[in-house]
$ cat work.txt   # compact mmCIF, C-alpha atoms and all ligand atoms
# COMPACT_ATOMS: atom_id res chain seq x y z
CA MET A 1 -38.43 -75.68 39.43
CA ARG A 2 -34.84 -75.22 38.27
CA HIS A 3 -31.84 -73.49 39.82
CA VAL A 4 -28.56 -72.61 38.10
CA ILE A 5 -25.80 -72.77 40.68
CA THR A 6 -22.89 -74.22 38.70
CA GLY A 7 -24.36 -74.31 35.19
CA ALA A 8 -24.02 -78.09 35.08
CA GLU A 9 -27.74 -78.26 35.92
CA LEU A 10 -28.39 -77.44 32.26
CA SER A 11 -28.42 -80.14 29.58
CA PRO A 12 -26.37 -79.81 26.38
CA ASP A 13 -29.59 -79.28 24.39
CA GLU A 14 -30.71 -76.57 26.81
CA VAL A 15 -27.43 -74.70 26.49
CA ARG A 16 -27.57 -74.88 22.70
CA ALA A 17 -31.19 -73.69 22.68
CA LEU A 18 -30.38 -70.96 25.19
CA LEU A 19 -27.53 -69.62 23.03
CA HIS A 20 -29.73 -69.69 19.95
CA ARG A 21 -32.41 -67.79 21.85
CA ALA A 22 -29.84 -65.32 23.22
CA ALA A 23 -28.76 -64.53 19.66
CA GLU A 24 -32.40 -63.90 18.72
CA LEU A 25 -32.87 -61.62 21.72
CA LYS A 26 -29.69 -59.77 20.79
CA ARG A 27 -31.18 -59.03 17.37
CA GLU A 28 -34.54 -58.01 18.86
CA PRO A 29 -34.03 -56.98 22.49
CA LEU A 30 -37.64 -55.98 23.14
CA SER A 31 -39.28 -58.97 21.45
CA SER A 32 -40.03 -60.90 24.67
CA ASP A 33 -42.37 -60.08 27.52
CA ALA A 34 -41.56 -63.25 29.45
CA LEU A 35 -41.41 -61.38 32.76
CA ALA A 36 -44.34 -58.99 32.21
CA GLY A 37 -45.84 -57.97 35.51
CA ARG A 38 -43.27 -59.89 37.52
CA SER A 39 -40.15 -59.00 39.51
CA VAL A 40 -36.71 -60.56 39.84
CA ALA A 41 -34.69 -60.10 43.03
CA LEU A 42 -30.97 -59.49 42.49
CA ILE A 43 -29.02 -59.81 45.74
CA PHE A 44 -25.50 -58.35 45.74
CA GLN A 45 -23.27 -59.24 48.69
CA ALA A 46 -20.22 -58.26 46.59
CA PRO A 47 -19.52 -55.45 44.08
CA SER A 48 -20.52 -55.69 40.43
CA THR A 49 -20.56 -53.56 37.31
CA ARG A 50 -21.47 -55.96 34.49
CA THR A 51 -23.63 -58.45 36.34
CA ARG A 52 -25.77 -55.80 37.95
CA THR A 53 -26.26 -53.66 34.85
CA SER A 54 -26.84 -56.61 32.51
CA PHE A 55 -29.37 -58.30 34.81
CA GLU A 56 -31.12 -55.06 35.70
CA THR A 57 -31.49 -53.91 32.09
CA GLY A 58 -32.21 -57.46 30.92
CA VAL A 59 -35.11 -57.96 33.33
CA PHE A 60 -36.49 -54.59 32.25
CA GLU A 61 -36.26 -55.57 28.57
CA LEU A 62 -38.25 -58.75 29.35
CA GLY A 63 -41.03 -56.58 30.75
CA GLY A 64 -40.18 -57.32 34.38
CA HIS A 65 -39.09 -55.30 37.39
CA PRO A 66 -35.53 -55.78 38.64
CA LEU A 67 -35.34 -55.54 42.41
CA VAL A 68 -31.68 -54.89 43.21
CA LEU A 69 -30.97 -55.68 46.87
CA ARG A 70 -27.63 -54.92 48.44
CA ALA A 71 -26.72 -57.06 51.43
CA ASP A 72 -26.48 -54.06 53.74
CA GLU A 73 -30.10 -53.11 53.09
CA LEU A 74 -31.50 -56.56 53.84
CA GLN A 75 -32.20 -58.01 57.29
CA LEU A 76 -29.65 -60.65 56.23
CA SER A 77 -27.06 -58.15 57.45
CA ARG A 78 -28.68 -58.29 60.91
CA GLY A 79 -28.72 -62.05 61.12
CA GLU A 80 -31.95 -63.05 59.38
CA SER A 81 -31.39 -66.47 57.82
CA LEU A 82 -31.07 -67.26 54.14
CA ARG A 83 -33.89 -69.74 54.72
CA ASP A 84 -36.30 -67.02 55.83
CA THR A 85 -35.04 -64.61 53.17
CA ALA A 86 -35.73 -67.26 50.52
CA ARG A 87 -39.22 -67.92 51.83
CA VAL A 88 -40.16 -64.24 51.86
CA LEU A 89 -38.64 -63.33 48.49
CA SER A 90 -40.38 -66.34 46.90
CA ARG A 91 -43.74 -64.74 47.78
CA HIS A 92 -42.90 -61.69 45.68
CA VAL A 93 -40.59 -62.49 42.79
CA ALA A 94 -40.34 -64.84 39.80
CA ALA A 95 -36.63 -65.61 40.32
CA ILE A 96 -33.73 -64.71 42.60
CA GLY A 97 -30.17 -63.93 41.52
CA ILE A 98 -27.47 -63.86 44.16
CA ARG A 99 -23.80 -62.80 44.18
CA THR A 100 -21.88 -63.85 47.26
CA VAL A 101 -18.46 -65.34 47.95
CA SER A 102 -19.79 -68.51 49.57
CA ASP A 103 -21.11 -71.30 47.33
CA GLU A 104 -22.83 -72.81 50.38
CA GLU A 105 -24.95 -69.68 50.75
CA VAL A 106 -26.33 -70.02 47.24
CA ILE A 107 -27.11 -73.69 47.86
CA GLU A 108 -28.84 -72.76 51.12
CA LEU A 109 -30.92 -70.03 49.45
CA ALA A 110 -31.92 -72.43 46.65
CA ARG A 111 -32.88 -75.13 49.16
CA TYR A 112 -35.57 -72.90 50.62
CA ALA A 113 -36.64 -70.84 47.59
CA ASP A 114 -39.85 -71.68 45.75
CA VAL A 115 -38.60 -69.82 42.66
CA PRO A 116 -35.49 -70.40 40.52
CA VAL A 117 -32.19 -69.22 42.01
CA ILE A 118 -29.37 -68.07 39.73
CA ASN A 119 -25.74 -67.86 40.85
CA MET A 120 -24.47 -64.41 39.84
CA LEU A 121 -20.89 -65.32 40.98
CA THR A 122 -19.45 -67.15 43.94
CA ALA A 123 -15.84 -68.00 44.72
CA GLY A 124 -16.47 -71.35 43.04
CA HIS A 125 -18.57 -70.57 39.99
CA HIS A 126 -19.67 -67.93 37.50
CA PRO A 127 -22.11 -69.73 35.18
CA CYS A 128 -23.72 -66.57 33.73
CA GLN A 129 -20.30 -65.41 32.57
CA ALA A 130 -19.65 -68.76 30.88
CA LEU A 131 -22.96 -68.58 29.01
CA ALA A 132 -22.09 -65.10 27.69
CA ASP A 133 -18.62 -66.34 26.74
CA LEU A 134 -20.09 -69.24 24.77
CA LEU A 135 -22.40 -66.80 23.01
CA THR A 136 -19.34 -64.72 22.11
CA LEU A 137 -17.50 -67.77 20.76
CA ARG A 138 -20.61 -68.77 18.80
CA GLU A 139 -20.71 -65.30 17.20
CA ALA A 140 -17.01 -65.51 16.30
CA PHE A 141 -16.91 -69.08 15.00
CA GLY A 142 -20.50 -70.23 14.38
CA GLU A 143 -20.00 -73.73 15.69
CA LEU A 144 -18.92 -74.43 19.30
CA ASP A 145 -18.40 -78.17 19.12
CA GLY A 146 -14.68 -78.88 18.75
CA LEU A 147 -13.41 -75.35 19.49
CA THR A 148 -10.27 -75.13 21.63
CA LEU A 149 -10.29 -72.49 24.36
CA ALA A 150 -7.08 -71.74 26.26
CA TYR A 151 -7.46 -70.18 29.71
CA VAL A 152 -4.27 -68.74 31.20
CA GLY A 153 -3.81 -67.48 34.75
CA ASP A 154 -5.63 -68.21 37.99
CA GLY A 155 -7.63 -71.46 37.98
CA ASN A 156 -10.63 -69.75 39.55
CA ASN A 157 -14.43 -69.52 39.39
CA VAL A 158 -14.42 -68.28 35.79
CA ALA A 159 -12.11 -71.08 34.63
CA ARG A 160 -14.24 -73.67 36.43
CA SER A 161 -17.48 -72.43 34.85
CA LEU A 162 -15.89 -72.38 31.40
CA ALA A 163 -14.89 -76.01 32.01
CA LEU A 164 -18.30 -77.16 33.25
CA VAL A 165 -20.55 -75.23 30.88
CA GLY A 166 -18.18 -75.40 27.89
CA ALA A 167 -18.00 -79.19 28.17
CA LEU A 168 -21.77 -79.37 27.64
CA VAL A 169 -21.40 -78.01 24.11
CA GLY A 170 -18.10 -79.61 23.12
CA VAL A 171 -15.66 -76.75 23.83
CA ARG A 172 -12.24 -78.22 24.64
CA LEU A 173 -10.64 -76.26 27.47
CA ARG A 174 -6.93 -76.08 28.27
CA VAL A 175 -5.97 -74.33 31.51
CA ALA A 176 -2.44 -73.01 32.07
CA ALA A 177 -1.72 -72.04 35.68
CA PRO A 178 1.25 -72.25 38.04
CA ALA A 179 1.38 -74.78 40.86
CA GLY A 180 -0.94 -73.78 43.64
CA TYR A 181 -3.28 -71.86 41.31
CA GLN A 182 -4.39 -74.69 39.03
CA LEU A 183 -7.99 -75.81 38.62
CA GLU A 184 -8.88 -79.27 39.92
CA GLN A 185 -8.99 -81.97 37.23
CA LEU A 186 -12.40 -81.82 35.54
CA ALA A 187 -13.66 -84.07 32.75
CA GLY A 188 -12.31 -83.10 29.36
CA VAL A 189 -10.01 -80.31 30.60
CA ALA A 190 -6.27 -80.35 29.81
CA LEU A 191 -4.16 -78.85 32.62
CA THR A 192 -0.64 -77.49 32.16
CA ASP A 193 1.71 -74.96 33.72
CA ASP A 194 2.90 -73.78 30.28
CA PRO A 195 0.88 -70.83 28.87
CA ARG A 196 2.34 -71.20 25.36
CA ALA A 197 1.50 -74.89 25.24
CA ALA A 198 -2.08 -74.08 26.26
CA ALA A 199 -2.39 -71.28 23.70
CA TYR A 200 -0.75 -73.21 20.85
CA GLY A 201 -3.21 -73.37 17.93
CA ALA A 202 -6.18 -72.43 20.16
CA ASP A 203 -9.25 -70.65 18.78
CA ALA A 204 -9.44 -68.30 21.75
CA VAL A 205 -7.22 -67.29 24.66
CA TYR A 206 -8.96 -66.21 27.87
CA THR A 207 -7.71 -64.68 31.09
CA ASP A 208 -9.14 -63.25 34.31
CA VAL A 209 -7.94 -61.20 37.27
CA TRP A 210 -5.16 -62.53 39.46
CA VAL A 211 -6.92 -61.54 42.69
CA SER A 212 -10.60 -62.47 42.87
CA MET A 213 -13.22 -61.09 45.23
CA GLY A 214 -13.05 -64.29 47.27
CA ASP A 215 -9.24 -64.12 47.65
CA ASP A 216 -7.37 -62.63 50.58
CA PRO A 217 -6.20 -59.16 49.43
CA ALA A 218 -3.02 -59.75 51.46
CA SER A 219 -2.08 -62.49 48.96
CA ALA A 220 -1.99 -60.01 46.06
CA GLY A 221 1.82 -59.64 45.96
CA GLU A 222 2.41 -63.37 46.03
CA ARG A 223 -0.25 -63.91 43.36
CA ARG A 224 1.27 -61.29 41.04
CA ARG A 225 4.67 -62.97 41.35
CA ALA A 226 3.31 -66.45 40.65
CA LEU A 227 0.97 -65.43 37.84
CA GLY A 228 3.28 -62.90 36.11
CA PRO A 229 4.40 -65.37 33.39
CA TYR A 230 0.73 -66.00 32.48
CA ARG A 231 -0.04 -62.49 31.18
CA LEU A 232 -2.16 -62.44 28.01
CA ASP A 233 -0.09 -60.39 25.57
CA ASP A 234 0.29 -60.24 21.79
CA ALA A 235 3.09 -62.80 21.82
CA LEU A 236 0.89 -65.34 23.60
CA LEU A 237 -1.96 -64.61 21.21
CA ASP A 238 0.46 -65.12 18.29
CA ALA A 239 1.01 -68.69 19.54
CA ALA A 240 -2.70 -69.39 19.06
CA ALA A 241 -4.46 -69.98 15.73
CA PRO A 242 -4.20 -67.10 13.20
CA HIS A 243 -7.91 -66.40 13.67
CA ALA A 244 -7.72 -66.57 17.48
CA ILE A 245 -9.62 -64.09 19.65
CA ALA A 246 -8.76 -62.79 23.12
CA LEU A 247 -11.33 -62.99 25.91
CA HIS A 248 -11.57 -61.58 29.45
CA CYS A 249 -14.61 -61.52 31.72
CA LEU A 250 -13.61 -58.10 33.17
CA PRO A 251 -12.87 -56.14 35.31
CA ALA A 252 -9.36 -56.01 33.81
CA HIS A 253 -6.07 -54.85 35.30
CA PRO A 254 -4.09 -53.82 32.20
CA GLY A 255 -0.43 -54.55 32.69
CA ASP A 256 -1.17 -57.44 35.03
CA GLU A 257 -3.15 -60.34 33.57
CA ILE A 258 -3.62 -58.67 30.15
CA THR A 259 -1.79 -55.99 28.19
CA GLU A 260 -3.47 -52.79 27.02
CA GLU A 261 -2.61 -53.80 23.44
CA VAL A 262 -4.70 -56.96 23.70
CA LEU A 263 -7.49 -55.44 25.82
CA TYR A 264 -8.15 -52.64 23.33
CA GLY A 265 -6.78 -54.34 20.22
CA ASP A 266 -8.28 -55.80 17.05
CA ARG A 267 -8.20 -59.41 18.11
CA GLN A 268 -10.26 -59.13 21.29
CA ARG A 269 -14.00 -59.78 21.70
CA ILE A 270 -13.93 -58.67 25.32
CA TRP A 271 -16.41 -55.83 25.04
CA ASP A 272 -18.80 -58.10 23.14
CA GLN A 273 -18.52 -60.53 26.05
CA ALA A 274 -19.62 -57.78 28.42
CA GLU A 275 -22.63 -56.99 26.22
CA ASN A 276 -23.49 -60.65 25.76
CA ARG A 277 -24.06 -61.02 29.49
CA ARG A 278 -27.44 -59.33 29.02
CA HIS A 279 -28.56 -61.43 26.06
CA ALA A 280 -27.48 -64.75 27.56
CA GLN A 281 -29.06 -63.98 30.94
CA LYS A 282 -32.34 -62.95 29.31
CA ALA A 283 -32.45 -66.34 27.60
CA LEU A 284 -31.65 -67.99 30.93
CA LEU A 285 -34.43 -66.07 32.69
CA GLU A 286 -36.88 -67.09 29.97
CA LEU A 287 -35.86 -70.71 30.40
CA LEU A 288 -36.12 -70.73 34.19
CA ALA A 289 -38.94 -68.29 34.87
CA GLY A 290 -40.59 -67.48 31.54
N1 LIG B 1 -17.66 -60.16 34.73
C1 LIG B 1 -18.37 -59.78 35.82
O1 LIG B 1 -19.09 -60.56 36.44
O2 LIG B 1 -18.25 -58.46 36.12
P1 LIG B 1 -18.84 -57.71 37.40
O3 LIG B 1 -18.07 -58.19 38.60
O4 LIG B 1 -18.65 -56.26 37.13
O5 LIG B 1 -20.29 -58.07 37.55
N1 LIG B 2 -12.61 -64.14 39.24
C1 LIG B 2 -13.20 -62.83 39.42
C2 LIG B 2 -14.28 -62.60 38.42
C3 LIG B 2 -14.90 -61.25 38.46
C4 LIG B 2 -16.03 -61.11 37.50
C5 LIG B 2 -13.72 -62.69 40.84
O1 LIG B 2 -14.28 -63.65 41.37
O2 LIG B 2 -13.55 -61.62 41.44

$ encode --input "work.txt" --output "C-alpha cells"
Amino acid sequence: MRHVITGAELSPDEVRALLHRAAELKREPLSSDALAGRSVALIFQAPSTRTRTSFETGVFELGGHPLVLRADELQLSRGESLRDTARVLSRHVAAIGIRTVSDEEVIELARYADVPVINMLTAGHHPCQALADLLTLREAFGELDGLTLAYVGDGNNVARSLALVGALVGVRLRVAAPAGYQLEQLAGVALTDDPRAAAYGADAVYTDVWVSMGDDPASAGERRRALGPYRLDDALLDAAAPHAIALHCLPAHPGDEITEEVLYGDRQRIWDQAENRRHAQKALLELLAG
C-alpha cells in the first residue's frame, strides 16, 4: 500500500508513467473505470477551489464516488483522533485525500490508514500541484529532462514540491527568494536572492502567493515588503528564454506576486495548470488505488 505525502515516495519511472497516463486521460477523460463502485474520501481542513473540484470531478470520471468531508462535519472537530478516523474511513473508501496545515497530521493519518493517503496540501508540501505542473511543462516542451524552471517568491510548500518531484524527472529548479523566505537547500536546486538571475534563460518562470494558508495573516505586511521585488511581471519573463512560459498554482493576487498582464497574457499556461490538476490526480489515483 502506497501513500503520497511529499511526492518523493514515487520513483522517476512512476512519475514518467503517471504523466504519460495523465495525458491519455486528458484526451479521453471517461476511458477509465478504475474506481468503479468505490469511494474516495477527501478531507478538507482548509479552503480549496482547484483541489476540491479537480479531485471531486476526477473521482467521478473514474467511475467512483467522491466523499468530500469538511473538518467541521467530522468528529475530528470534537476531538476524535486521526488514528480512529483513519481506521473507520479505511473500512469504506479506496483512498483518502487530506488537506491540512500540519504535515504531521497527514503522516499520522497515513500511519493508521489501510488505504492510500494522498496529501492535498500541507504547509510543507503540495505534491499534486507539482504533478500537474510537470504535466503542463510536458505539454509545452515535450521533454522534461533538462528543463530549467525558475521559481520566484516565497520558498514555500509549492516550491518544495516542485524541487522534490521535479528532481525525479530531471527538471532543474532555481529558487529566487529574499533572506528569511528561502527554501532549505535540496539536492539539485540552485538558490539565489536575485529573481533576474534565476529567470535568466529559464524555460518557465513560476510564482505563488506571498501569504500561504499556513502563514500568520498578521505577517502579510512584512511579507509583501520583503517579497515585492520578486513579482512575476513581463520584464522578468523577458529575462527568461524567448519561448518561456509563466506558471502559477493559483489562487493569484494580481498586482502582488504576479501582474495582470502575465496572469491573463499570451505567455502563461496557468489556466492549463489548473485543468491539469484533474488529469494528473486521476493518474495518481489509478496508480495508488486502481
Ligand atoms: N492550487 C491549489 O491547490 O488551489 P486550491 O487551494 O484552490 O485547491
Ligand atoms: N502556498 C499556497 C498554495 C495554495 C494552493 C498555500 O499554501 O496557501

$ residues_around --input "work.txt" --residues "Leu183 of chain A" --least-positions-apart "2" --cutoff "12 Å" --atoms "all atoms listed in the file" --output "ChimeraX atom specification"
/A:124-125,151-164,173-181,185-187,189-193

$ residues_near_ligand --input "work.txt" --ligand "ligand LIG 2 (chain B)" --cutoff "10 Å" --atoms "all atoms listed in the file" --output "compact mmCIF listing (two decimals) with C-alpha atoms, in the coordinates of the input"
# COMPACT_ATOMS: atom_id res chain seq x y z
CA ALA A 46 -20.22 -58.26 46.59
CA PRO A 47 -19.52 -55.45 44.08
CA SER A 48 -20.52 -55.69 40.43
CA THR A 49 -20.56 -53.56 37.31
CA ARG A 50 -21.47 -55.96 34.49
CA THR A 51 -23.63 -58.45 36.34
CA ARG A 99 -23.80 -62.80 44.18
CA THR A 100 -21.88 -63.85 47.26
CA VAL A 101 -18.46 -65.34 47.95
CA MET A 120 -24.47 -64.41 39.84
CA LEU A 121 -20.89 -65.32 40.98
CA THR A 122 -19.45 -67.15 43.94
CA ALA A 123 -15.84 -68.00 44.72
CA GLY A 124 -16.47 -71.35 43.04
CA HIS A 125 -18.57 -70.57 39.99
CA HIS A 126 -19.67 -67.93 37.50
CA GLN A 129 -20.30 -65.41 32.57
CA ASP A 154 -5.63 -68.21 37.99
CA GLY A 155 -7.63 -71.46 37.98
CA ASN A 156 -10.63 -69.75 39.55
CA ASN A 157 -14.43 -69.52 39.39
CA VAL A 158 -14.42 -68.28 35.79
CA ALA A 159 -12.11 -71.08 34.63
CA THR A 207 -7.71 -64.68 31.09
CA ASP A 208 -9.14 -63.25 34.31
CA VAL A 209 -7.94 -61.20 37.27
CA TRP A 210 -5.16 -62.53 39.46
CA VAL A 211 -6.92 -61.54 42.69
CA SER A 212 -10.60 -62.47 42.87
CA MET A 213 -13.22 -61.09 45.23
CA GLY A 214 -13.05 -64.29 47.27
CA ASP A 215 -9.24 -64.12 47.65
CA HIS A 248 -11.57 -61.58 29.45
CA CYS A 249 -14.61 -61.52 31.72
CA LEU A 250 -13.61 -58.10 33.17
CA PRO A 251 -12.87 -56.14 35.31
CA ALA A 252 -9.36 -56.01 33.81

$ atom_distance --input "work.txt" --atom1 "atom CA of Ala86 of chain A" --atom2 "atom CA of Ala132 of chain A"
26.7 Å

$ residues_around --input "work.txt" --residues "segment 284-286 of chain A" --least-positions-apart "6" --cutoff "8 Å" --atoms "all atoms listed in the file" --output "ChimeraX atom specification"
/A:18,34-35,95

$ residues_near_point --input "work.txt" --point "(-33.6, -58.2, 39.7)" --cutoff "8 Å" --atoms "only C-alpha atoms" --output "list in words"
Ser39, Val40, Ala41, Leu42, Ile43, Phe55, Glu56, Val59, His65, Pro66, Leu67, Val68, Ile96 and Gly97 of chain A

$ residues_around --input "work.txt" --residues "Glu275 of chain A" --least-positions-apart "5" --cutoff "10 Å" --atoms "all atoms listed in the file" --output "PyMOL selection string"
chain A and resi 26+50+53-54+132+136+270+280

$ residues_around --input "work.txt" --residues "Leu147 of chain A" --least-positions-apart "3" --cutoff "10 Å" --atoms "all atoms listed in the file" --output "MDAnalysis selection string"
chainID A and resid 137:138 141 143:144 150 166 169:173 202:204

$ atom_distance --input "work.txt" --atom1 "atom CA of Ser102 of chain A" --atom2 "atom CA of Phe44 of chain A"
12.3 Å

$ axis_aligned_box --input "work.txt" --around "ligand LIG 1 (chain B)" --padding-each-side "3 Å" --output "lines of an AutoDock Vina configuration file"
center_x = -19.0
center_y = -58.4
center_z = 36.7
size_x = 8.6
size_y = 10.3
size_z = 9.9

$ closest_residue --input "work.txt" --among "A:Val93, A:Cys128, A:Ala289, A:Ala240" --to "ligand LIG 1 (chain B)" --atoms "all atoms listed in the file"
A:Cys128

$ closest_residue --input "work.txt" --among "A:Leu131, A:Ala199, A:Ala140, A:Ala244" --to "Ala274 of chain A" --atoms "all atoms listed in the file"
A:Leu131

$ closest_residue --input "work.txt" --among "A:Ile118, A:Ala197, A:Ala235, A:Ala130" --to "ligand LIG 1 (chain B)" --atoms "all atoms listed in the file"
A:Ala130

$ closest_residue --input "work.txt" --among "A:Leu134, A:Leu62, A:Leu25, A:Leu168" --to "Ser11 of chain A" --atoms "only C-alpha atoms"
A:Leu168

$ closest_residue --input "work.txt" --among "A:Arg111, A:His3, A:Arg225, A:His253" --to "Arg83 of chain A" --atoms "all atoms listed in the file"
A:Arg111

$ atom_distance --input "work.txt" --atom1 "atom CA of Ala218 of chain A" --atom2 "atom CA of Glu257 of chain A"
17.9 Å

$ closest_residue --input "work.txt" --among "A:Leu247, A:Ala17, A:Ala71, A:Val165" --to "ligand LIG 1 (chain B)" --atoms "only C-alpha atoms and all ligand atoms"
A:Leu247

$ decode --input "work.txt" --residues "segment 274-290 of chain A" --atoms "N, CA and C atoms" --output "compact mmCIF listing (two decimals), in the first residue's frame"
# COMPACT_ATOMS: atom_id res chain seq x y z
N ALA A 274 -4.28 24.63 -13.92
CA ALA A 274 -5.47 24.38 -13.07
C ALA A 274 -6.26 23.19 -13.61
N GLU A 275 -6.39 23.11 -14.94
CA GLU A 275 -7.10 21.96 -15.52
C GLU A 275 -6.32 20.66 -15.30
N ASN A 276 -5.00 20.76 -15.44
CA ASN A 276 -4.18 19.56 -15.37
C ASN A 276 -4.17 18.90 -14.00
N ARG A 277 -4.62 19.63 -12.98
CA ARG A 277 -4.77 19.01 -11.67
C ARG A 277 -5.63 17.75 -11.78
N ARG A 278 -6.74 17.85 -12.49
CA ARG A 278 -7.66 16.71 -12.58
C ARG A 278 -7.01 15.53 -13.30
N HIS A 279 -6.36 15.78 -14.40
CA HIS A 279 -5.79 14.67 -15.19
C HIS A 279 -4.65 13.99 -14.43
N ALA A 280 -3.80 14.79 -13.81
CA ALA A 280 -2.66 14.22 -13.07
C ALA A 280 -3.15 13.43 -11.86
N GLN A 281 -4.14 13.97 -11.16
CA GLN A 281 -4.64 13.28 -9.96
C GLN A 281 -5.38 12.00 -10.32
N LYS A 282 -6.05 11.98 -11.46
CA LYS A 282 -6.70 10.73 -11.90
C LYS A 282 -5.64 9.66 -12.13
N ALA A 283 -4.54 10.04 -12.76
CA ALA A 283 -3.46 9.07 -12.99
C ALA A 283 -2.87 8.61 -11.66
N LEU A 284 -2.78 9.53 -10.71
CA LEU A 284 -2.25 9.17 -9.39
C LEU A 284 -3.20 8.21 -8.67
N LEU A 285 -4.50 8.49 -8.76
CA LEU A 285 -5.48 7.60 -8.12
C LEU A 285 -5.46 6.22 -8.77
N GLU A 286 -5.30 6.16 -10.08
CA GLU A 286 -5.18 4.85 -10.74
C GLU A 286 -3.97 4.10 -10.22
N LEU A 287 -2.85 4.82 -10.09
CA LEU A 287 -1.62 4.18 -9.63
C LEU A 287 -1.75 3.65 -8.21
N LEU A 288 -2.35 4.44 -7.33
CA LEU A 288 -2.40 4.07 -5.92
C LEU A 288 -3.56 3.15 -5.57
N ALA A 289 -4.69 3.37 -6.24
CA ALA A 289 -5.91 2.65 -5.81
C ALA A 289 -6.61 1.91 -6.94
N GLY A 290 -6.07 1.98 -8.14
CA GLY A 290 -6.76 1.42 -9.30
C GLY A 290 -6.67 -0.10 -9.35
